[in-house]
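Worksheet: the structure to be examined is printed underneath.
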Amino acid sequence: MRSLLFVPADSDKKLAKALESGADALILDLEDSVSAANKPLARETARAFLAAHAGASQRPLLMVRVNALDTGLTDADLDAVVAARPDAIMLPKAEGGRDVAHLDAKLTTREALAALPEGRIRITVVATETAKAVFTLGSYQGASPRLSGLTWGAEDLSADIGAETNRGPDGRHTEPFRLARALCLMGAVAAEVQPIDTVFPAFRDEDGLRRECEEARRDGFTAKMAIHPAQVPVINAVFTPDEAAIAEAQKVVAAFAAQPGAGVVNIGGEMFDRPHLTRAERLLKRAGR
């Protein structure tokens, strides 16, 4: 999974358009992009969309971002969508593995009521939206077998800590948010789930988006969220390993396979050690090779 596209769940038109975006996953949003007055409509629209498309063989993953656990709205969100078989629930404003375990229990009950296999619905977490949450990023390991990804957010975090902005004049995140980004990456890897980079809000700035995608890929993120369909092709292109990278990784894997007991191998006059092998194997896995 490379690209995850947010779609307001109260808009049939936007949901239909999102299906044609090429995104690997659609996030049907019941939270920030939907007003309080439109929450009931969004739940029903999301339920109908899932019911219509969850059984299709060729489709993106279908996720639902519910409202946070402390809002009192999560149960109504889950009651509306679980029986329609979403692939995953995105939990915003999570504050550690305990929140994932809490959501897991809610899902288990509703899967049983809907005659769905236990554990079918996965969980992705937005893990850095409060200062408190940043200090719990090491707690996701083992929280739930449903957990499949961690991502981070800068907008709610900036409001929580009182920052005037989360980006500098050059468009890059300022230091508090780069810290949250780095810790989210480490937390995801420690929990053995996918690290997903946050959104790039300037959806008309293709060059800025590409730069941010390339920096995220360089650092270890394997996917990025989008807020507009126009962002999806750039995200997919950057997070898809190209043929040169695949060929290089195959050389590393082949060299170690030829010398299974070696800690270091020589490829074209350059020394490669076991961490290079690990990176090569991960790249080939992402590329489906």
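Chain identifiers are assigned as A, B, and so on, following the order in which chains appear in the structure tokens; residues are numbered from 1 within each chain, and ligands are numbered from 1 in order of appearance.
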
What are the nearest atom pairs, with distances in Å to one decimal, for all residues of region 102-167 of chain A that come at most 12 Å from region 56-76 of chain A, using only C-alpha atoms, set out by chain and rising residue number as CSV?
```
residue,atom,partner,partner_atom,distance
A:His102,CA,A:Leu69,CA,8.8
A:Leu103,CA,A:Leu69,CA,8.2
A:Ala105,CA,A:Asp75,CA,11.5
A:Lys106,CA,A:Asp75,CA,7.9
A:Leu107,CA,A:Asp75,CA,9.7
A:Thr109,CA,A:Asp75,CA,11.2
A:Arg110,CA,A:Asp75,CA,9.9
A:Ile121,CA,A:Met63,CA,9.2
A:Arg122,CA,A:Met63,CA,8.9
A:Ile123,CA,A:Met63,CA,8.9
A:Thr124,CA,A:Met63,CA,8.8
A:Val125,CA,A:Arg65,CA,9.3
A:Val126,CA,A:Arg65,CA,9.6
A:Ala127,CA,A:Ala68,CA,11.6
A:Glu129,CA,A:Ala68,CA,10.9
A:Ser148,CA,A:Met63,CA,11.9
A:Gly149,CA,A:Met63,CA,12.0
```

Export of prior selection with C-alpha atoms as an mmCIF file, in the first residue's frame:
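So the final result, stored in part-v6.cif, reads:
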```
data_model
loop_
_atom_site.group_PDB
_atom_site.id
_atom_site.type_symbol
_atom_site.label_atom_id
_atom_site.label_comp_id
_atom_site.auth_asym_id
_atom_site.auth_seq_id
_atom_site.Cartn_x
_atom_site.Cartn_y
_atom_site.Cartn_z
ATOM 1 C CA HIS A 102 -9.973 -0.679 23.386
ATOM 2 C CA LEU A 103 -10.925 -0.387 19.717
ATOM 3 C CA ALA A 105 -12.596 -5.054 21.808
ATOM 4 C CA LYS A 106 -15.277 -2.887 20.214
ATOM 5 C CA LEU A 107 -14.591 -4.446 16.813
ATOM 6 C CA THR A 109 -18.105 -7.523 19.598
ATOM 7 C CA ARG A 110 -19.459 -6.028 16.389
ATOM 8 C CA ILE A 121 -11.099 -5.633 10.268
ATOM 9 C CA ARG A 122 -7.643 -4.121 10.709
ATOM 10 C CA ILE A 123 -6.644 -0.956 12.571
ATOM 11 C CA THR A 124 -4.511 1.989 11.437
ATOM 12 C CA VAL A 125 -3.694 4.682 13.975
ATOM 13 C CA VAL A 126 -3.078 8.415 13.726
ATOM 14 C CA ALA A 127 -0.543 8.424 16.518
ATOM 15 C CA GLU A 129 -2.154 14.340 17.394
ATOM 16 C CA SER A 148 -1.450 -2.730 10.509
ATOM 17 C CA GLY A 149 -0.133 0.827 10.299
#
```

Check your understanding: Please, which residues of region 166-259 of chain A, numbered as in this document, come out strand (DSSP E) from DSSP, as a PyMOL selection string?
Key -> chain A and resi 194-197+223-226

Check your understanding: Near Ala52 (chain A), counting only C-alpha atoms, which residues have an atom at most 12 Å away, once you skip same-chain residues fewer than 6 positions from it, shown as a VMD selection string?
Key -> chain A and resid 15 to 16 45 to 46 59 62 84 to 86

Revision key, fill the gap. For Leu19 (chain A), the closest of A:Ala154, A:Leu185, A:Ala254, A:Val232 counting only C-alpha atoms is A:Val232

Exercise for review: Excluding Glu192 (chain A) and any residue of its chain fewer than 3 positions from it, enumerate the residues within 10 Å of it, using only C-alpha atoms, and give them as a count of residues only.
Suggested key: 12
